[in-house]
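Structure data (PDB, C-alpha atoms) from work.pdb:
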MODEL        1
ATOM      1  CA  ASP A   1      27.311 119.861 170.690  1.00  0.00           C
ATOM      2  CA  ALA A   2      27.936 120.008 174.399  1.00  0.00           C
ATOM      3  CA  GLY A   3      31.344 121.312 175.292  1.00  0.00           C
ATOM      4  CA  VAL A   4      33.418 120.458 178.330  1.00  0.00           C
ATOM      5  CA  ILE A   5      31.235 120.790 181.413  1.00  0.00           C
ATOM      6  CA  GLN A   6      32.666 121.709 184.787  1.00  0.00           C
ATOM      7  CA  SER A   7      30.979 121.907 188.154  1.00  0.00           C
ATOM      8  CA  PRO A   8      30.618 123.758 190.356  1.00  0.00           C
ATOM      9  CA  ARG A   9      31.244 127.125 188.692  1.00  0.00           C
ATOM     10  CA  HIS A  10      32.091 128.699 192.023  1.00  0.00           C
ATOM     11  CA  GLU A  11      33.162 127.174 195.301  1.00  0.00           C
ATOM     12  CA  VAL A  12      33.821 128.988 198.549  1.00  0.00           C
ATOM     13  CA  THR A  13      34.923 126.949 201.502  1.00  0.00           C
ATOM     14  CA  GLU A  14      36.952 127.173 204.657  1.00  0.00           C
ATOM     15  CA  MET A  15      40.531 126.116 205.031  1.00  0.00           C
ATOM     16  CA  GLY A  16      40.896 122.457 205.881  1.00  0.00           C
ATOM     17  CA  GLN A  17      37.780 121.325 204.068  1.00  0.00           C
ATOM     18  CA  GLU A  18      37.804 118.823 201.226  1.00  0.00           C
ATOM     19  CA  VAL A  19      37.061 120.231 197.791  1.00  0.00           C
ATOM     20  CA  THR A  20      35.987 118.190 194.775  1.00  0.00           C
ATOM     21  CA  LEU A  21      35.889 119.655 191.289  1.00  0.00           C
ATOM     22  CA  ARG A  22      34.149 117.796 188.490  1.00  0.00           C
ATOM     23  CA  CYS A  23      34.560 117.595 184.749  1.00  0.00           C
ATOM     24  CA  LYS A  24      32.722 115.976 181.878  1.00  0.00           C
ATOM     25  CA  PRO A  25      34.846 115.982 178.714  1.00  0.00           C
ATOM     26  CA  ILE A  26      33.570 116.102 175.158  1.00  0.00           C
ATOM     27  CA  SER A  27      32.363 112.692 174.066  1.00  0.00           C
ATOM     28  CA  GLY A  28      34.960 110.873 171.995  1.00  0.00           C
ATOM     29  CA  HIS A  29      37.898 112.873 173.293  1.00  0.00           C
ATOM     30  CA  ASP A  30      40.658 110.602 174.558  1.00  0.00           C
ATOM     31  CA  TYR A  31      42.660 113.251 176.396  1.00  0.00           C
ATOM     32  CA  LEU A  32      41.648 115.146 179.511  1.00  0.00           C
ATOM     33  CA  PHE A  33      43.659 117.906 181.154  1.00  0.00           C
ATOM     34  CA  TRP A  34      43.366 119.766 184.459  1.00  0.00           C
ATOM     35  CA  TYR A  35      44.809 123.294 184.656  1.00  0.00           C
ATOM     36  CA  ARG A  36      45.045 125.940 187.349  1.00  0.00           C
ATOM     37  CA  GLN A  37      45.109 129.652 186.580  1.00  0.00           C
ATOM     38  CA  THR A  38      46.503 132.195 189.007  1.00  0.00           C
ATOM     39  CA  MET A  39      47.656 135.770 188.600  1.00  0.00           C
ATOM     40  CA  MET A  40      51.193 134.878 189.566  1.00  0.00           C
ATOM     41  CA  ARG A  41      51.738 131.740 187.503  1.00  0.00           C
ATOM     42  CA  GLY A  42      49.199 131.959 184.685  1.00  0.00           C
ATOM     43  CA  LEU A  43      47.814 128.700 183.278  1.00  0.00           C
ATOM     44  CA  GLU A  44      49.585 125.673 184.685  1.00  0.00           C
ATOM     45  CA  LEU A  45      48.994 122.065 183.701  1.00  0.00           C
ATOM     46  CA  LEU A  46      48.352 119.948 186.787  1.00  0.00           C
ATOM     47  CA  ILE A  47      47.716 116.494 185.323  1.00  0.00           C
ATOM     48  CA  TYR A  48      46.497 114.855 182.169  1.00  0.00           C
ATOM     49  CA  PHE A  49      44.861 111.555 181.243  1.00  0.00           C
ATOM     50  CA  ASN A  50      44.856 109.479 178.089  1.00  0.00           C
ATOM     51  CA  ASN A  51      42.052 106.928 177.793  1.00  0.00           C
ATOM     52  CA  ASN A  52      41.282 107.388 181.508  1.00  0.00           C
ATOM     53  CA  VAL A  53      44.874 106.637 182.546  1.00  0.00           C
ATOM     54  CA  PRO A  54      46.934 109.358 184.272  1.00  0.00           C
ATOM     55  CA  ILE A  55      49.966 110.047 182.096  1.00  0.00           C
ATOM     56  CA  ASP A  56      51.726 112.945 183.760  1.00  0.00           C
ATOM     57  CA  ASP A  57      50.955 114.369 187.195  1.00  0.00           C
ATOM     58  CA  SER A  58      54.201 116.292 187.589  1.00  0.00           C
ATOM     59  CA  GLY A  59      52.263 119.567 187.797  1.00  0.00           C
ATOM     60  CA  MET A  60      50.251 118.533 190.844  1.00  0.00           C
ATOM     61  CA  PRO A  61      51.547 120.860 193.554  1.00  0.00           C
ATOM     62  CA  GLU A  62      51.562 118.409 196.442  1.00  0.00           C
ATOM     63  CA  ASP A  63      49.978 115.315 197.932  1.00  0.00           C
ATOM     64  CA  ARG A  64      46.915 117.254 198.990  1.00  0.00           C
ATOM     65  CA  PHE A  65      45.888 117.203 195.321  1.00  0.00           C
ATOM     66  CA  SER A  66      44.572 114.091 193.622  1.00  0.00           C
ATOM     67  CA  ALA A  67      42.734 113.419 190.352  1.00  0.00           C
ATOM     68  CA  LYS A  68      40.786 110.482 189.051  1.00  0.00           C
ATOM     69  CA  MET A  69      39.086 109.491 185.834  1.00  0.00           C
ATOM     70  CA  PRO A  70      36.896 106.478 186.571  1.00  0.00           C
ATOM     71  CA  ASN A  71      35.419 106.440 183.061  1.00  0.00           C
ATOM     72  CA  ALA A  72      35.631 108.264 179.732  1.00  0.00           C
ATOM     73  CA  SER A  73      32.955 110.776 180.632  1.00  0.00           C
ATOM     74  CA  PHE A  74      33.944 111.918 184.106  1.00  0.00           C
ATOM     75  CA  SER A  75      36.936 113.194 186.037  1.00  0.00           C
ATOM     76  CA  THR A  76      37.453 114.716 189.466  1.00  0.00           C
ATOM     77  CA  LEU A  77      40.137 116.882 191.002  1.00  0.00           C
ATOM     78  CA  LYS A  78      40.209 116.719 194.767  1.00  0.00           C
ATOM     79  CA  ILE A  79      42.013 118.886 197.295  1.00  0.00           C
ATOM     80  CA  GLN A  80      42.204 117.605 200.850  1.00  0.00           C
ATOM     81  CA  PRO A  81      42.832 119.488 203.065  1.00  0.00           C
ATOM     82  CA  SER A  82      42.358 122.779 201.227  1.00  0.00           C
ATOM     83  CA  GLU A  83      44.472 125.864 201.978  1.00  0.00           C
ATOM     84  CA  PRO A  84      44.006 129.564 201.105  1.00  0.00           C
ATOM     85  CA  ARG A  85      46.862 129.388 198.571  1.00  0.00           C
ATOM     86  CA  ASP A  86      44.795 126.892 196.556  1.00  0.00           C
ATOM     87  CA  SER A  87      42.433 129.714 195.615  1.00  0.00           C
ATOM     88  CA  ALA A  88      42.446 129.936 191.819  1.00  0.00           C
ATOM     89  CA  VAL A  89      40.403 129.158 188.741  1.00  0.00           C
ATOM     90  CA  TYR A  90      40.627 125.498 187.795  1.00  0.00           C
ATOM     91  CA  PHE A  91      40.013 124.505 184.186  1.00  0.00           C
ATOM     92  CA  CYS A  92      39.358 121.150 182.639  1.00  0.00           C
ATOM     93  CA  ALA A  93      40.056 120.609 178.939  1.00  0.00           C
ATOM     94  CA  SER A  94      39.733 117.712 176.528  1.00  0.00           C
ATOM     95  CA  SER A  95      41.091 116.904 173.096  1.00  0.00           C
ATOM     96  CA  ALA A  96      40.736 114.165 170.524  1.00  0.00           C
ATOM     97  CA  THR A  97      44.498 113.781 170.057  1.00  0.00           C
ATOM     98  CA  SER A  98      47.554 114.779 172.053  1.00  0.00           C
ATOM     99  CA  ALA A  99      48.416 117.628 169.680  1.00  0.00           C
ATOM    100  CA  GLY A 100      44.882 118.578 168.739  1.00  0.00           C
ATOM    101  CA  PRO A 101      43.352 121.795 170.005  1.00  0.00           C
ATOM    102  CA  GLN A 102      42.164 121.474 173.574  1.00  0.00           C
ATOM    103  CA  HIS A 103      38.601 122.459 174.352  1.00  0.00           C
ATOM    104  CA  PHE A 104      38.199 124.111 177.727  1.00  0.00           C
ATOM    105  CA  GLY A 105      35.351 124.208 180.166  1.00  0.00           C
ATOM    106  CA  ASP A 106      34.341 127.494 181.747  1.00  0.00           C
ATOM    107  CA  GLY A 107      36.289 126.735 184.896  1.00  0.00           C
ATOM    108  CA  THR A 108      35.638 126.522 188.616  1.00  0.00           C
ATOM    109  CA  ARG A 109      36.521 129.602 190.640  1.00  0.00           C
ATOM    110  CA  LEU A 110      37.718 128.287 193.982  1.00  0.00           C
ATOM    111  CA  SER A 111      38.084 130.464 197.058  1.00  0.00           C
ATOM    112  CA  ILE A 112      39.520 129.021 200.251  1.00  0.00           C
ATOM    113  CA  LEU A 113      38.943 131.258 203.252  1.00  0.00           C
TER     114      LEU A 113
ATOM    115  CA  ASP B   1      61.400 128.864 183.815  1.00  0.00           C
ATOM    116  CA  GLN B   2      58.962 130.495 181.430  1.00  0.00           C
ATOM    117  CA  GLN B   3      59.398 128.735 178.090  1.00  0.00           C
ATOM    118  CA  VAL B   4      56.645 130.735 176.395  1.00  0.00           C
ATOM    119  CA  LYS B   5      56.589 134.469 177.017  1.00  0.00           C
ATOM    120  CA  GLN B   6      54.142 137.199 176.190  1.00  0.00           C
ATOM    121  CA  ASN B   7      55.930 140.358 177.221  1.00  0.00           C
ATOM    122  CA  SER B   8      53.030 142.737 176.686  1.00  0.00           C
ATOM    123  CA  PRO B   9      50.375 142.291 179.373  1.00  0.00           C
ATOM    124  CA  SER B  10      47.997 144.614 177.555  1.00  0.00           C
ATOM    125  CA  LEU B  11      47.390 146.252 174.192  1.00  0.00           C
ATOM    126  CA  SER B  12      44.840 148.813 173.025  1.00  0.00           C
ATOM    127  CA  VAL B  13      43.951 149.186 169.346  1.00  0.00           C
ATOM    128  CA  GLN B  14      41.468 151.339 167.476  1.00  0.00           C
ATOM    129  CA  GLU B  15      38.586 149.511 165.844  1.00  0.00           C
ATOM    130  CA  GLY B  16      39.344 148.776 162.188  1.00  0.00           C
ATOM    131  CA  ARG B  17      43.101 148.835 162.676  1.00  0.00           C
ATOM    132  CA  ILE B  18      45.495 145.902 162.872  1.00  0.00           C
ATOM    133  CA  SER B  19      46.168 144.217 166.215  1.00  0.00           C
ATOM    134  CA  ILE B  20      49.527 142.477 166.566  1.00  0.00           C
ATOM    135  CA  LEU B  21      50.112 140.197 169.525  1.00  0.00           C
ATOM    136  CA  ASN B  22      53.583 138.820 170.117  1.00  0.00           C
ATOM    137  CA  CYS B  23      54.970 135.693 171.689  1.00  0.00           C
ATOM    138  CA  ASP B  24      58.528 134.472 172.254  1.00  0.00           C
ATOM    139  CA  TYR B  25      59.666 130.987 173.175  1.00  0.00           C
ATOM    140  CA  THR B  26      62.907 129.441 174.327  1.00  0.00           C
ATOM    141  CA  ASN B  27      62.443 125.725 173.592  1.00  0.00           C
ATOM    142  CA  SER B  28      63.553 124.894 170.057  1.00  0.00           C
ATOM    143  CA  MET B  29      61.872 121.468 170.385  1.00  0.00           C
ATOM    144  CA  PHE B  30      58.354 122.880 170.137  1.00  0.00           C
ATOM    145  CA  ASP B  31      56.529 121.363 167.159  1.00  0.00           C
ATOM    146  CA  TYR B  32      53.280 123.234 167.138  1.00  0.00           C
ATOM    147  CA  PHE B  33      51.995 126.607 168.278  1.00  0.00           C
ATOM    148  CA  LEU B  34      48.478 127.716 169.107  1.00  0.00           C
ATOM    149  CA  TRP B  35      46.624 130.875 170.009  1.00  0.00           C
ATOM    150  CA  TYR B  36      43.703 130.879 172.401  1.00  0.00           C
ATOM    151  CA  LYS B  37      41.255 133.646 173.164  1.00  0.00           C
ATOM    152  CA  LYS B  38      39.614 134.060 176.570  1.00  0.00           C
ATOM    153  CA  TYR B  39      36.635 136.117 177.629  1.00  0.00           C
ATOM    154  CA  PRO B  40      35.973 136.827 181.338  1.00  0.00           C
ATOM    155  CA  ALA B  41      34.326 133.954 183.229  1.00  0.00           C
ATOM    156  CA  GLU B  42      34.810 131.592 180.285  1.00  0.00           C
ATOM    157  CA  GLY B  43      37.447 129.037 179.382  1.00  0.00           C
ATOM    158  CA  PRO B  44      40.051 129.687 176.692  1.00  0.00           C
ATOM    159  CA  THR B  45      38.843 129.047 173.139  1.00  0.00           C
ATOM    160  CA  PHE B  46      41.111 127.782 170.394  1.00  0.00           C
ATOM    161  CA  LEU B  47      41.672 130.393 167.704  1.00  0.00           C
ATOM    162  CA  ILE B  48      44.391 129.388 165.244  1.00  0.00           C
ATOM    163  CA  SER B  49      47.524 127.248 165.101  1.00  0.00           C
ATOM    164  CA  ILE B  50      50.697 126.767 163.111  1.00  0.00           C
ATOM    165  CA  SER B  51      53.097 123.909 162.625  1.00  0.00           C
ATOM    166  CA  SER B  52      56.796 124.516 163.178  1.00  0.00           C
ATOM    167  CA  ILE B  53      57.438 123.626 159.533  1.00  0.00           C
ATOM    168  CA  LYS B  54      55.407 126.568 158.308  1.00  0.00           C
ATOM    169  CA  ASP B  55      55.898 130.294 158.626  1.00  0.00           C
ATOM    170  CA  LYS B  56      52.361 131.523 158.118  1.00  0.00           C
ATOM    171  CA  ASN B  57      48.803 130.369 158.613  1.00  0.00           C
ATOM    172  CA  GLU B  58      45.732 132.432 157.818  1.00  0.00           C
ATOM    173  CA  ASP B  59      42.106 132.045 158.833  1.00  0.00           C
ATOM    174  CA  GLY B  60      39.824 134.903 157.938  1.00  0.00           C
ATOM    175  CA  ARG B  61      40.835 138.001 159.880  1.00  0.00           C
ATOM    176  CA  PHE B  62      43.459 136.065 161.838  1.00  0.00           C
ATOM    177  CA  THR B  63      46.996 135.303 160.661  1.00  0.00           C
ATOM    178  CA  VAL B  64      49.766 133.712 162.661  1.00  0.00           C
ATOM    179  CA  PHE B  65      53.392 134.193 161.663  1.00  0.00           C
ATOM    180  CA  LEU B  66      56.257 132.032 162.899  1.00  0.00           C
ATOM    181  CA  ASN B  67      59.920 133.027 162.816  1.00  0.00           C
ATOM    182  CA  LYS B  68      61.806 129.949 163.984  1.00  0.00           C
ATOM    183  CA  SER B  69      65.256 131.522 163.856  1.00  0.00           C
ATOM    184  CA  ALA B  70      64.085 134.268 166.210  1.00  0.00           C
ATOM    185  CA  LYS B  71      61.874 131.891 168.227  1.00  0.00           C
ATOM    186  CA  HIS B  72      59.042 134.345 167.787  1.00  0.00           C
ATOM    187  CA  LEU B  73      55.459 134.166 166.678  1.00  0.00           C
ATOM    188  CA  SER B  74      52.808 136.772 166.248  1.00  0.00           C
ATOM    189  CA  LEU B  75      49.065 136.922 165.775  1.00  0.00           C
ATOM    190  CA  HIS B  76      47.653 139.556 163.447  1.00  0.00           C
ATOM    191  CA  ILE B  77      44.011 140.525 163.585  1.00  0.00           C
ATOM    192  CA  VAL B  78      42.767 142.742 160.791  1.00  0.00           C
ATOM    193  CA  PRO B  79      40.491 144.563 160.869  1.00  0.00           C
ATOM    194  CA  SER B  80      40.085 144.607 164.635  1.00  0.00           C
ATOM    195  CA  GLN B  81      36.536 144.500 165.959  1.00  0.00           C
ATOM    196  CA  PRO B  82      35.100 145.262 169.425  1.00  0.00           C
ATOM    197  CA  GLY B  83      34.322 141.558 169.898  1.00  0.00           C
ATOM    198  CA  ASP B  84      38.041 140.843 169.681  1.00  0.00           C
ATOM    199  CA  SER B  85      38.538 142.423 173.103  1.00  0.00           C
ATOM    200  CA  ALA B  86      39.737 139.508 175.230  1.00  0.00           C
ATOM    201  CA  VAL B  87      42.856 137.947 176.713  1.00  0.00           C
ATOM    202  CA  TYR B  88      44.973 136.113 174.139  1.00  0.00           C
ATOM    203  CA  PHE B  89      47.213 133.224 175.126  1.00  0.00           C
ATOM    204  CA  CYS B  90      50.036 131.846 173.081  1.00  0.00           C
ATOM    205  CA  ALA B  91      50.760 128.133 173.622  1.00  0.00           C
ATOM    206  CA  ALA B  92      53.289 125.623 172.349  1.00  0.00           C
ATOM    207  CA  ILE B  93      53.634 121.862 172.357  1.00  0.00           C
ATOM    208  CA  ASN B  94      56.364 119.318 171.864  1.00  0.00           C
ATOM    209  CA  PHE B  95      54.745 116.221 170.399  1.00  0.00           C
ATOM    210  CA  GLY B  96      57.093 114.100 172.440  1.00  0.00           C
ATOM    211  CA  ASN B  97      55.655 115.082 175.819  1.00  0.00           C
ATOM    212  CA  GLU B  98      52.089 115.968 174.768  1.00  0.00           C
ATOM    213  CA  LYS B  99      51.861 118.958 177.118  1.00  0.00           C
ATOM    214  CA  LEU B 100      50.804 122.460 176.156  1.00  0.00           C
ATOM    215  CA  THR B 101      52.876 125.286 177.624  1.00  0.00           C
ATOM    216  CA  PHE B 102      51.009 128.581 177.860  1.00  0.00           C
ATOM    217  CA  GLY B 103      52.221 132.151 177.905  1.00  0.00           C
ATOM    218  CA  THR B 104      50.880 134.541 180.522  1.00  0.00           C
ATOM    219  CA  GLY B 105      48.469 136.238 178.143  1.00  0.00           C
ATOM    220  CA  THR B 106      47.937 139.665 176.582  1.00  0.00           C
ATOM    221  CA  ARG B 107      44.762 141.616 177.252  1.00  0.00           C
ATOM    222  CA  LEU B 108      43.597 143.183 173.984  1.00  0.00           C
ATOM    223  CA  THR B 109      41.171 146.092 174.116  1.00  0.00           C
ATOM    224  CA  ILE B 110      39.588 147.323 170.917  1.00  0.00           C
ATOM    225  CA  ILE B 111      38.554 150.951 171.163  1.00  0.00           C
ATOM    226  CA  PRO B 112      35.380 151.797 169.201  1.00  0.00           C
TER     227      PRO B 112
ENDMDL
END
Final structure tokens representation of the file:
Amino acid sequence: DAGVIQSPRHEVTEMGQEVTLRCKPISGHDYLFWYRQTMMRGLELLIYFNNNVPIDDSGMPEDRFSAKMPNASFSTLKIQPSEPRDSAVYFCASSATSAGPQHFGDGTRLSIL
Amino acid sequence: DQQVKQNSPSLSVQEGRISILNCDYTNSMFDYFLWYKKYPAEGPTFLISISSIKDKNEDGRFTVFLNKSAKHLSLHIVPSQPGDSAVYFCAAINFGNEKLTFGTGTRLTIIP
């Protein structure tokens, strides 16, 4: 069984550039979550979707961040324009139910220079 | 406002001994608690969970204990093995808002 697939695994870009992170959830999972992990704040939930609809985006740090889920098998997290403080590991996770265990991808390590 | 706290950033245990990882929480509305394990350069992997109506759940070498009055849970690993060396995250969820809240993690090192 394929797990949650994230791409790219690593991204290095210059400040001001647009960054797009991608996620393919596990087939049949109705919930998709985007997290950010930093040393200072640990794992933070940014946004989550249920059946492709954004339910709670209160964790999105600011308007430079946006997320979409155009269909059940694909989601993107976009940062435009990117800033050095956005450097972190970004994880995507999916689950079959809201309380069910979330299955995580291996993350995208983002470095903004 | 850290609702889920893991006060020990690291723990070292001899192989074969018991590892005990601790987690405290402040929100009495949490319904369900989970432990995740994370290796470097990988995403967290679900390990074991417990409902707030129970006080113990066991799965092989892993046991989670919940003390609701103290708002405390712990993960016991026995016997500890070198492959258990990883970062362990405690997480909690309130079914009403569907969001997992994670602790900051404890790095467990098993010494051969």
request  = Find the spatial neighbours of Ser49 in chain B, counting all atoms listed in the file, within a cut-off of 10 Å - ignore same-chain residues fewer than 3 positions away - and output them as an MDAnalysis selection string.
outcome  = (chainID A and resid 100:101) or (chainID B and resid 32:36 46 52 56:59 63:65 75 90:92)
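Applying a distance limit of 6 Å to all atoms listed in the file, the residues of chain A near chain B read Gly42, Ser98, Phe104, Gly105 and Asp106 of chain A.
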Ile77 in chain B surroundings by all atoms listed in the file, 12 Å radius, close-in-sequence under 2 positions cut, as a PyMOL selection string = chain B and resi 13-22+35+47-48+58-65+74-75+79-85+88+108+110
Restricted to C-alpha atoms, what would the selected residues look like written as a PDB file, in the coordinates of the input?
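Once everything was written out, this is again_30.pdb:
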ATOM      1  CA  VAL B  13      43.951 149.186 169.346  1.00  0.00           C
ATOM      2  CA  GLN B  14      41.468 151.339 167.476  1.00  0.00           C
ATOM      3  CA  GLU B  15      38.586 149.511 165.844  1.00  0.00           C
ATOM      4  CA  GLY B  16      39.344 148.776 162.188  1.00  0.00           C
ATOM      5  CA  ARG B  17      43.101 148.835 162.676  1.00  0.00           C
ATOM      6  CA  ILE B  18      45.495 145.902 162.872  1.00  0.00           C
ATOM      7  CA  SER B  19      46.168 144.217 166.215  1.00  0.00           C
ATOM      8  CA  ILE B  20      49.527 142.477 166.566  1.00  0.00           C
ATOM      9  CA  LEU B  21      50.112 140.197 169.525  1.00  0.00           C
ATOM     10  CA  ASN B  22      53.583 138.820 170.117  1.00  0.00           C
ATOM     11  CA  TRP B  35      46.624 130.875 170.009  1.00  0.00           C
ATOM     12  CA  LEU B  47      41.672 130.393 167.704  1.00  0.00           C
ATOM     13  CA  ILE B  48      44.391 129.388 165.244  1.00  0.00           C
ATOM     14  CA  GLU B  58      45.732 132.432 157.818  1.00  0.00           C
ATOM     15  CA  ASP B  59      42.106 132.045 158.833  1.00  0.00           C
ATOM     16  CA  GLY B  60      39.824 134.903 157.938  1.00  0.00           C
ATOM     17  CA  ARG B  61      40.835 138.001 159.880  1.00  0.00           C
ATOM     18  CA  PHE B  62      43.459 136.065 161.838  1.00  0.00           C
ATOM     19  CA  THR B  63      46.996 135.303 160.661  1.00  0.00           C
ATOM     20  CA  VAL B  64      49.766 133.712 162.661  1.00  0.00           C
ATOM     21  CA  PHE B  65      53.392 134.193 161.663  1.00  0.00           C
ATOM     22  CA  SER B  74      52.808 136.772 166.248  1.00  0.00           C
ATOM     23  CA  LEU B  75      49.065 136.922 165.775  1.00  0.00           C
ATOM     24  CA  PRO B  79      40.491 144.563 160.869  1.00  0.00           C
ATOM     25  CA  SER B  80      40.085 144.607 164.635  1.00  0.00           C
ATOM     26  CA  GLN B  81      36.536 144.500 165.959  1.00  0.00           C
ATOM     27  CA  PRO B  82      35.100 145.262 169.425  1.00  0.00           C
ATOM     28  CA  GLY B  83      34.322 141.558 169.898  1.00  0.00           C
ATOM     29  CA  ASP B  84      38.041 140.843 169.681  1.00  0.00           C
ATOM     30  CA  SER B  85      38.538 142.423 173.103  1.00  0.00           C
ATOM     31  CA  TYR B  88      44.973 136.113 174.139  1.00  0.00           C
ATOM     32  CA  LEU B 108      43.597 143.183 173.984  1.00  0.00           C
ATOM     33  CA  ILE B 110      39.588 147.323 170.917  1.00  0.00           C
TER      34      ILE B 110
END
Two-atom distance - CA of Ser8 in chain B, CA of Ala86 in chain B (Å) =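 Separating CA of Ser8 in chain B from CA of Ala86 in chain B is a distance of 13.8 Å.
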ask   = CA of Gln102 in chain A and CA of Leu43 in chain A are how many Å apart?
value =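 About the pair CA of Gln102 in chain A and CA of Leu43 in chain A: they are 13.4 Å apart.
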inquiry  = Please enumerate the residues selected by the PyMOL selection byres ((chain B and resi 26) around 6) when evaluated against the supplied file, formatted as number ranges by chain.
reply    = B: 3, 25, 27
Could you turn the residues from that selection into a file that holds C-alpha atoms, as an mmCIF file, in the frame of the given file?
data_model
loop_
_atom_site.group_PDB
_atom_site.id
_atom_site.type_symbol
_atom_site.label_atom_id
_atom_site.label_comp_id
_atom_site.auth_asym_id
_atom_site.auth_seq_id
_atom_site.Cartn_x
_atom_site.Cartn_y
_atom_site.Cartn_z
ATOM 1 C CA GLN B 3 59.398 128.735 178.090
ATOM 2 C CA TYR B 25 59.666 130.987 173.175
ATOM 3 C CA ASN B 27 62.443 125.725 173.592
#
task = Using CA of Ala88 in chain A and CA of Gly28 in chain A as the two end points, give the distance in Å to one decimal.
result =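 Taking CA of Ala88 in chain A as the start and CA of Gly28 in chain A as the end point, the length is 28.5 Å.
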query = So which residues get picked by the PyMOL selection byres ((chain A and resi 81) around 10) here, written as an MDAnalysis selection string?
reply = chainID A and resid 14:19 63:65 78:80 82:83
Only C-alpha atoms, please: the residues just picked out, written as a JSON list (two decimals), in the frame of the given file.
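After the write, out_31.json holds the following:
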[["chain", "number", "residue", "atom", "x", "y", "z"],
["A", 14, "GLU", "CA", 36.95, 127.17, 204.66],
["A", 15, "MET", "CA", 40.53, 126.12, 205.03],
["A", 16, "GLY", "CA", 40.90, 122.46, 205.88],
["A", 17, "GLN", "CA", 37.78, 121.32, 204.07],
["A", 18, "GLU", "CA", 37.80, 118.82, 201.23],
["A", 19, "VAL", "CA", 37.06, 120.23, 197.79],
["A", 63, "ASP", "CA", 49.98, 115.32, 197.93],
["A", 64, "ARG", "CA", 46.92, 117.25, 198.99],
["A", 65, "PHE", "CA", 45.89, 117.20, 195.32],
["A", 78, "LYS", "CA", 40.21, 116.72, 194.77],
["A", 79, "ILE", "CA", 42.01, 118.89, 197.30],
["A", 80, "GLN", "CA", 42.20, 117.60, 200.85],
["A", 82, "SER", "CA", 42.36, 122.78, 201.23],
["A", 83, "GLU", "CA", 44.47, 125.86, 201.98]]
request  = Run the PyMOL selection byres ((chain A and resi 59) around 8) on the file and write out the hits as a PyMOL selection string.
outcome  = chain A and resi 44-47+56-58+60-61
key: Ref. answer, residues at most 12 Å from (41.3, 114.5, 172.3) with only C-alpha atoms, as a ChimeraX atom specification   = /A:4,25-33,48-52,72,93-104 /B:98
Once 5 Å is added on each side, what centre and edge lengths in Å to one decimal does the axis-aligned box around all listed atoms of range 76-79 of chain A have, as AutoDock Vina command-line options?
--center_x 39.7 --center_y 116.8 --center_z 193.4 --size_x 14.6 --size_y 14.2 --size_z 17.8
